[in-house]
>>> print(open('run01.cif').read())   # mmCIF, C-alpha atoms
data_query
loop_
_atom_site.label_atom_id
_atom_site.label_comp_id
_atom_site.auth_asym_id
_atom_site.auth_seq_id
_atom_site.Cartn_x
_atom_site.Cartn_y
_atom_site.Cartn_z
CA MET A 1 98.58 69.16 67.64
CA ASP A 2 99.00 68.22 71.30
CA ARG A 3 96.16 69.02 73.68
CA GLU A 4 98.55 71.27 75.58
CA ASP A 5 98.86 73.45 72.49
CA TYR A 6 95.32 74.81 72.54
CA ILE A 7 92.46 76.02 74.73
CA TYR A 8 88.81 75.78 73.75
CA GLY A 9 85.68 77.49 75.02
CA ILE A 10 84.97 81.21 75.22
CA ARG A 11 85.28 81.71 78.97
CA ALA A 12 88.37 79.48 79.21
CA ILE A 13 90.12 81.54 76.55
CA ILE A 14 89.19 84.83 78.22
CA GLU A 15 90.58 83.52 81.50
CA ALA A 16 93.77 82.34 79.77
CA ILE A 17 94.29 85.79 78.24
CA ASP A 18 93.66 87.46 81.62
CA ALA A 19 96.18 85.07 83.20
CA GLY A 20 98.84 86.22 80.76
CA LYS A 21 98.99 83.11 78.58
CA GLU A 22 100.79 83.74 75.29
CA ILE A 23 98.20 83.19 72.54
CA ASP A 24 99.47 82.56 69.03
CA LYS A 25 96.16 82.62 67.16
CA ILE A 26 92.44 82.36 67.84
CA PHE A 27 89.87 80.67 65.59
CA ILE A 28 86.26 81.89 65.91
CA LYS A 29 83.34 80.28 64.13
CA LYS A 30 81.83 82.44 61.43
CA ASP A 31 78.69 84.35 62.43
CA LEU A 32 79.26 83.68 66.13
CA HIS A 33 77.99 86.57 68.27
CA GLY A 34 76.95 87.32 71.83
CA ASP A 35 78.08 89.12 74.96
CA LEU A 36 80.92 86.72 75.75
CA ILE A 37 82.21 86.88 72.18
CA ALA A 38 82.11 90.68 72.39
CA GLU A 39 84.13 90.49 75.61
CA LEU A 40 86.66 88.15 74.00
CA THR A 41 86.85 90.32 70.87
CA GLU A 42 87.69 93.38 72.96
CA ARG A 43 90.60 91.56 74.59
CA ILE A 44 91.78 90.38 71.19
CA ARG A 45 91.69 93.96 69.92
CA GLN A 46 93.61 95.32 72.89
CA LEU A 47 96.36 92.71 72.68
CA HIS A 48 96.50 92.47 68.86
CA ILE A 49 96.04 88.69 68.90
CA PRO A 50 95.77 87.28 65.37
CA THR A 51 92.26 85.96 64.79
CA GLN A 52 90.50 84.10 62.00
CA ARG A 53 86.78 83.62 61.39
CA VAL A 54 86.50 80.05 60.13
CA PRO A 55 83.86 77.40 59.39
CA VAL A 56 83.08 75.28 62.44
CA GLU A 57 84.41 72.23 60.58
CA ARG A 58 87.94 73.62 60.87
CA ILE A 59 87.66 73.79 64.65
CA ASN A 60 86.05 70.34 64.75
CA ARG A 61 89.08 68.91 62.97
CA ILE A 62 91.20 70.00 65.95
CA THR A 63 88.82 69.08 68.78
CA ARG A 64 85.35 67.61 69.18
CA LYS A 65 85.07 68.92 72.72
CA ASN A 66 82.52 71.59 73.64
CA HIS A 67 84.55 74.40 72.09
CA GLN A 68 81.56 76.77 71.73
CA GLY A 69 82.91 77.83 68.35
CA VAL A 70 86.18 79.25 69.67
CA LEU A 71 89.65 77.73 69.88
CA ALA A 72 92.95 79.38 70.84
CA MET A 73 96.37 78.10 69.84
CA LEU A 74 98.97 78.67 72.53
CA SER A 75 102.40 79.97 71.59
CA ALA A 76 105.40 77.85 72.50
CA VAL A 77 107.43 81.00 73.25
CA THR A 78 106.91 84.38 74.83
CA TYR A 79 107.02 87.07 72.17
CA HIS A 80 109.17 90.16 72.65
CA ARG A 81 108.45 93.73 71.61
CA LEU A 82 110.83 95.18 69.08
CA ASP A 83 110.56 98.68 70.53
CA HIS A 84 111.70 97.29 73.88
CA LEU A 85 114.39 94.98 72.56
CA VAL A 86 116.20 97.46 70.27
CA PRO A 87 117.14 99.99 72.97
CA GLN A 88 118.02 97.14 75.34
CA LEU A 89 120.57 95.78 72.85
CA TYR A 90 122.23 99.18 72.63
CA GLU A 91 122.23 99.52 76.42
CA ASP A 92 123.88 96.10 76.70
CA GLY A 93 126.67 97.24 74.36
CA VAL A 94 125.78 94.67 71.71
CA LEU A 95 126.55 95.18 68.02
CA PRO A 96 122.98 94.32 66.95
CA PHE A 97 122.14 91.69 64.37
CA ILE A 98 118.46 91.03 63.60
CA VAL A 99 116.77 88.79 61.03
CA VAL A 100 113.40 89.88 59.63
CA LEU A 101 111.15 87.28 57.99
CA ASP A 102 108.49 88.63 55.65
CA GLY A 103 105.87 85.98 54.90
CA ILE A 104 107.72 82.78 55.79
CA THR A 105 104.94 80.21 56.28
CA ASP A 106 106.75 76.85 56.09
CA VAL A 107 107.46 75.60 59.60
CA ARG A 108 110.54 73.62 58.54
CA ASN A 109 112.12 76.62 56.84
CA PHE A 110 111.33 78.79 59.84
CA GLY A 111 112.80 76.28 62.27
CA ALA A 112 115.93 75.87 60.17
CA ILE A 113 116.38 79.66 59.96
CA ALA A 114 115.94 79.98 63.72
CA ARG A 115 118.54 77.28 64.31
CA THR A 116 121.05 79.12 62.12
CA CYS A 117 120.17 82.41 63.83
CA GLU A 118 121.11 80.92 67.19
CA CYS A 119 124.38 79.53 65.83
CA ALA A 120 125.25 82.86 64.15
CA GLY A 121 124.58 84.96 67.23
CA VAL A 122 121.49 86.73 65.88
CA ASP A 123 119.90 88.89 68.57
CA ALA A 124 116.26 88.56 67.46
CA ILE A 125 113.93 87.27 64.77
CA VAL A 126 111.08 89.50 63.61
CA ILE A 127 107.91 88.01 62.11
CA PRO A 128 104.51 89.51 61.23
CA GLU A 129 101.32 88.86 63.17
CA ARG A 130 99.58 87.69 60.01
CA GLY A 131 100.79 85.68 57.03
CA SER A 132 103.55 83.97 58.99
CA VAL A 133 104.35 80.61 60.47
CA SER A 134 103.26 80.00 64.05
CA VAL A 135 105.85 79.41 66.74
CA GLY A 136 104.47 76.08 67.87
CA GLY A 137 105.87 72.76 68.93
CA ASP A 138 106.84 71.73 65.41
CA ALA A 139 108.83 74.93 64.91
CA ILE A 140 110.57 74.46 68.26
CA LYS A 141 111.49 70.90 67.33
CA THR A 142 112.76 71.84 63.86
CA SER A 143 114.84 74.63 65.36
CA ALA A 144 116.53 72.12 67.72
CA GLY A 145 115.37 74.30 70.60
CA ALA A 146 116.85 77.50 69.18
CA LEU A 147 113.49 79.28 69.46
CA HIS A 148 113.80 79.00 73.24
CA ARG A 149 117.06 80.98 73.00
CA VAL A 150 116.56 83.56 70.24
CA PRO A 151 113.96 86.26 71.02
CA VAL A 152 111.06 86.40 68.55
CA CYS A 153 109.29 89.71 67.96
CA ARG A 154 105.84 89.45 66.41
CA GLU A 155 104.95 92.80 64.85
CA ARG A 156 101.69 94.06 63.38
CA SER A 157 103.51 95.51 60.36
CA ILE A 158 106.85 94.34 58.97
CA THR A 159 107.00 97.57 56.99
CA ASN A 160 106.79 99.63 60.17
CA ALA A 161 109.23 97.30 61.92
CA VAL A 162 111.82 97.81 59.18
CA LYS A 163 111.30 101.57 59.28
CA PHE A 164 111.72 101.46 63.07
CA LEU A 165 115.01 99.61 62.69
CA ARG A 166 116.29 102.14 60.16
CA ASP A 167 115.26 105.02 62.38
CA ASN A 168 117.27 103.43 65.18
CA GLY A 169 120.53 103.15 63.29
CA TYR A 170 120.27 99.77 61.62
CA LYS A 171 121.36 99.12 58.07
CA VAL A 172 118.51 97.07 56.60
CA VAL A 173 119.63 94.68 53.85
CA ALA A 174 117.07 92.80 51.75
CA ALA A 175 117.80 89.54 49.99
CA SER A 176 116.44 89.79 46.45
CA GLU A 177 116.95 88.03 43.14
CA LYS A 178 116.09 91.27 41.33
CA VAL A 179 119.52 92.88 41.77
CA ASP A 180 123.05 91.99 40.72
CA ILE A 181 124.75 93.30 43.86
CA ASN A 182 126.75 90.44 45.34
CA TYR A 183 125.93 89.93 49.00
CA THR A 184 129.65 89.95 49.90
CA CYS A 185 130.02 93.53 48.64
CA GLU A 186 127.90 94.97 51.45
CA ASP A 187 129.31 96.08 54.82
CA TYR A 188 127.75 94.24 57.76
CA THR A 189 130.01 95.59 60.52
CA THR A 190 127.41 98.10 61.72
CA PRO A 191 124.05 97.36 63.40
CA VAL A 192 122.32 95.32 60.71
CA ALA A 193 118.99 93.67 59.89
CA ILE A 194 118.74 91.04 57.16
CA VAL A 195 115.31 90.74 55.52
CA MET A 196 114.24 87.45 53.93
CA GLY A 197 111.02 86.96 51.97
CA ALA A 198 108.81 84.03 51.09
CA GLU A 199 110.16 81.68 48.42
CA ASP A 200 107.20 82.17 46.09
CA THR A 201 106.55 85.91 46.39
CA GLY A 202 109.74 87.31 47.91
CA ILE A 203 109.79 90.43 50.05
CA SER A 204 106.68 92.58 49.70
CA PRO A 205 107.16 95.85 47.75
CA ASP A 206 106.27 98.11 50.68
CA VAL A 207 108.90 96.40 52.84
CA LEU A 208 111.50 96.66 50.08
CA GLU A 209 110.90 100.41 49.89
CA GLN A 210 111.96 100.74 53.52
CA CYS A 211 115.21 98.77 53.10
CA ASP A 212 118.56 100.50 52.66
CA THR A 213 119.84 98.14 50.01
CA MET A 214 119.23 94.84 48.23
CA VAL A 215 121.74 92.06 47.66
CA SER A 216 121.72 88.72 45.90
CA ILE A 217 123.51 85.40 46.09
CA PRO A 218 125.10 84.31 42.77
CA MET A 219 123.32 81.40 41.11
CA LEU A 220 125.66 79.30 38.94
CA GLY A 221 123.40 76.35 38.22
CA HIS A 222 120.16 75.91 36.32
CA ILE A 223 117.84 76.29 39.34
CA GLY A 224 117.07 79.96 39.86
CA SER A 225 117.09 80.21 43.64
CA LEU A 226 118.11 78.64 46.93
CA ASN A 227 115.80 77.38 49.61
CA VAL A 228 115.07 80.38 51.85
CA SER A 229 116.62 78.78 54.93
CA VAL A 230 119.84 78.06 53.01
CA ALA A 231 119.92 81.60 51.57
CA ALA A 232 119.38 83.05 55.04
CA GLY A 233 122.27 80.96 56.35
CA VAL A 234 124.59 82.18 53.60
CA LEU A 235 123.82 85.82 54.42
CA MET A 236 124.02 85.35 58.17
CA TYR A 237 127.45 83.80 57.99
CA GLU A 238 128.72 86.60 55.78
CA VAL A 239 127.78 88.91 58.64
CA VAL A 240 129.66 86.63 61.03
CA ARG A 241 132.70 86.43 58.72
CA GLN A 242 133.01 90.18 58.32
CA ARG A 243 132.64 90.84 62.03
CA LEU A 244 135.18 88.19 62.94
CA ASP A 245 137.63 89.59 60.36
CA ALA A 246 137.15 93.04 61.90
CA ASN A 247 137.70 91.62 65.41
CA LEU A 248 134.19 92.67 66.41
CA GLU A 249 132.10 90.94 69.04
CA VAL A 250 129.62 88.66 67.24
CA ILE A 251 127.81 86.96 70.12
#
>>> encode(input="run01.cif", output="structure tokens")
Amino acid sequence: MDREDYIYGIRAIIEAIDAGKEIDKIFIKKDLHGDLIAELTERIRQLHIPTQRVPVERINRITRKNHQGVLAMLSAVTYHRLDHLVPQLYEDGVLPFIVVLDGITDVRNFGAIARTCECAGVDAIVIPERGSVSVGGDAIKTSAGALHRVPVCRERSITNAVKFLRDNGYKVVAASEKVDINYTCEDYTTPVAIVMGAEDTGISPDVLEQCDTMVSIPMLGHIGSLNVSVAAGVLMYEVVRQRLDANLEVI
């Protein structure tokens, strides 16, 4: 981690938050209390900044400076709000295309997905506040800079985000190995959101309940699944193919 990627010290982090710095995550030493920590915690609560209580050794592995038991990781991008972005896309006359990532934690997969999103004209990527990869320097590099171009919305609840998309006219399509519906049989020529889950656990059940439909990619070999970034690319370019065939604007 580069020194530019983090801020340490309670007062320094409070000042960074007040200055509008985009904070990706904050580590606070277990059992750390006091007036300044209470002040910091209130700002964290107001802005919904992901926070972890960790042993001091974890912070020491990042810096040996006088961190006072608190370290903030800076985000490499400015996050967008889904409830602001969705109406803006409609106002701009865009045929919306959003990719939702439920529990993707591998930075290389995330970067590869983001790179494909940019190439496929995806309008936004949605990730959860917790249980997700951080948008840091490694993700930016793996994405070949795509994360500077594709808006990223970090939402408190992916379940609520999917419901919000449905309520606003999106068809929400989940990629799942549990169904036999070929992904090419679905219609992607309307406002659409593709939901991809973690490779080990897939899409969480509560998110699946909010999706309109589930589709799968045929597996003809002996390995049961594709890498999630490859699967996401397959689905994204089916959206592109259908929209191009229908002479619809895809970018």
>>> resolve_selection(input="run01.cif", expression="the PyMOL selection byres ((chain A and resi 43-53) around 8)", output="ChimeraX atom specification")
/A:14,17,23-30,39-42,54-55,129-130,156
>>> residues_around(input="run01.cif", residues="Thr201 of chain A", least_positions_apart="6", cutoff="12 Å", atoms="only C-alpha atoms", output="number ranges by chain")
A: 102-105, 176-177, 228
>>> write_last_selection(input="run01.cif", atoms="C-alpha atoms", output="PDB file, in the coordinates of the input")
ATOM      1  CA  ASP A 102     108.490  88.630  55.650  1.00  0.00           C
ATOM      2  CA  GLY A 103     105.870  85.980  54.900  1.00  0.00           C
ATOM      3  CA  ILE A 104     107.720  82.780  55.790  1.00  0.00           C
ATOM      4  CA  THR A 105     104.940  80.210  56.280  1.00  0.00           C
ATOM      5  CA  SER A 176     116.440  89.790  46.450  1.00  0.00           C
ATOM      6  CA  GLU A 177     116.950  88.030  43.140  1.00  0.00           C
ATOM      7  CA  VAL A 228     115.070  80.380  51.850  1.00  0.00           C
TER       8      VAL A 228
END
>>> residues_around(input="run01.cif", residues="segment 218-220 of chain A", least_positions_apart="3", cutoff="7 Å", atoms="only C-alpha atoms", output="PyMOL selection string")
chain A and resi 182+224-225
>>> residues_around(input="run01.cif", residues="Ile113 of chain A", least_positions_apart="4", cutoff="7 Å", atoms="all atoms listed in the file", output="JSON list (two decimals) with C-alpha atoms, in the frame of the given file")
[["chain", "number", "residue", "atom", "x", "y", "z"],
["A", 109, "ASN", "CA", 112.12, 76.62, 56.84],
["A", 117, "CYS", "CA", 120.17, 82.41, 63.83],
["A", 229, "SER", "CA", 116.62, 78.78, 54.93],
["A", 232, "ALA", "CA", 119.38, 83.05, 55.04]]
>>> resolve_selection(input="run01.cif", expression="the PyMOL selection byres ((chain A and resi 76-86) around 9)", output="PyMOL selection string")
chain A and resi 5+21-24+74-75+87-91+96+124+126+134-137+139-140+147-148+151-155+161+164-165+168
>>> closest_residue(input="run01.cif", among="A:Arg149, A:Lys141, A:His222, A:Arg64", to="Cys119 of chain A", atoms="all atoms listed in the file")
A:Arg149
>>> residues_around(input="run01.cif", residues="Glu186 of chain A", least_positions_apart="2", cutoff="9 Å", atoms="only C-alpha atoms", output="VMD selection string")
chain A and resid 173 181 to 184 188 213 215
>>> resolve_selection(input="run01.cif", expression="the PyMOL selection byres ((chain A and resi 101) around 9)", output="short mmCIF file (atom, residue, chain, number, x, y, z; two decimals) with C-alpha atoms, keeping the file's coordinate frame")
data_model
loop_
_atom_site.label_atom_id
_atom_site.label_comp_id
_atom_site.auth_asym_id
_atom_site.auth_seq_id
_atom_site.Cartn_x
_atom_site.Cartn_y
_atom_site.Cartn_z
CA VAL A 99 116.77 88.79 61.03
CA VAL A 100 113.40 89.88 59.63
CA ASP A 102 108.49 88.63 55.65
CA GLY A 103 105.87 85.98 54.90
CA ILE A 104 107.72 82.78 55.79
CA PHE A 110 111.33 78.79 59.84
CA ILE A 125 113.93 87.27 64.77
CA VAL A 126 111.08 89.50 63.61
CA ILE A 127 107.91 88.01 62.11
CA PRO A 128 104.51 89.51 61.23
CA SER A 132 103.55 83.97 58.99
CA ILE A 158 106.85 94.34 58.97
CA ILE A 194 118.74 91.04 57.16
CA VAL A 195 115.31 90.74 55.52
CA MET A 196 114.24 87.45 53.93
CA GLY A 197 111.02 86.96 51.97
CA ALA A 198 108.81 84.03 51.09
CA ILE A 203 109.79 90.43 50.05
#
>>> atom_distance(input="run01.cif", atom1="atom CA of Glu118 of chain A", atom2="atom CA of Gly145 of chain A")
9.4 Å
>>> closest_residue(input="run01.cif", among="A:Met73, A:Val172, A:Gln242, A:Asp106", to="Glu199 of chain A", atoms="only C-alpha atoms")
A:Asp106
>>> closest_residue(input="run01.cif", among="A:Val122, A:Val230, A:Phe97, A:Tyr237", to="Thr190 of chain A", atoms="only C-alpha atoms")
A:Phe97
>>> closest_residue(input="run01.cif", among="A:Ala246, A:Thr116, A:Leu208, A:Val56", to="Ala175 of chain A", atoms="only C-alpha atoms")
A:Leu208
>>> atom_distance(input="run01.cif", atom1="atom CA of Ala19 of chain A", atom2="atom CA of Thr63 of chain A")
22.8 Å
>>> closest_residue(input="run01.cif", among="A:Leu226, A:Leu95, A:Val162, A:Ala114", to="Val240 of chain A", atoms="all atoms listed in the file")
A:Leu95
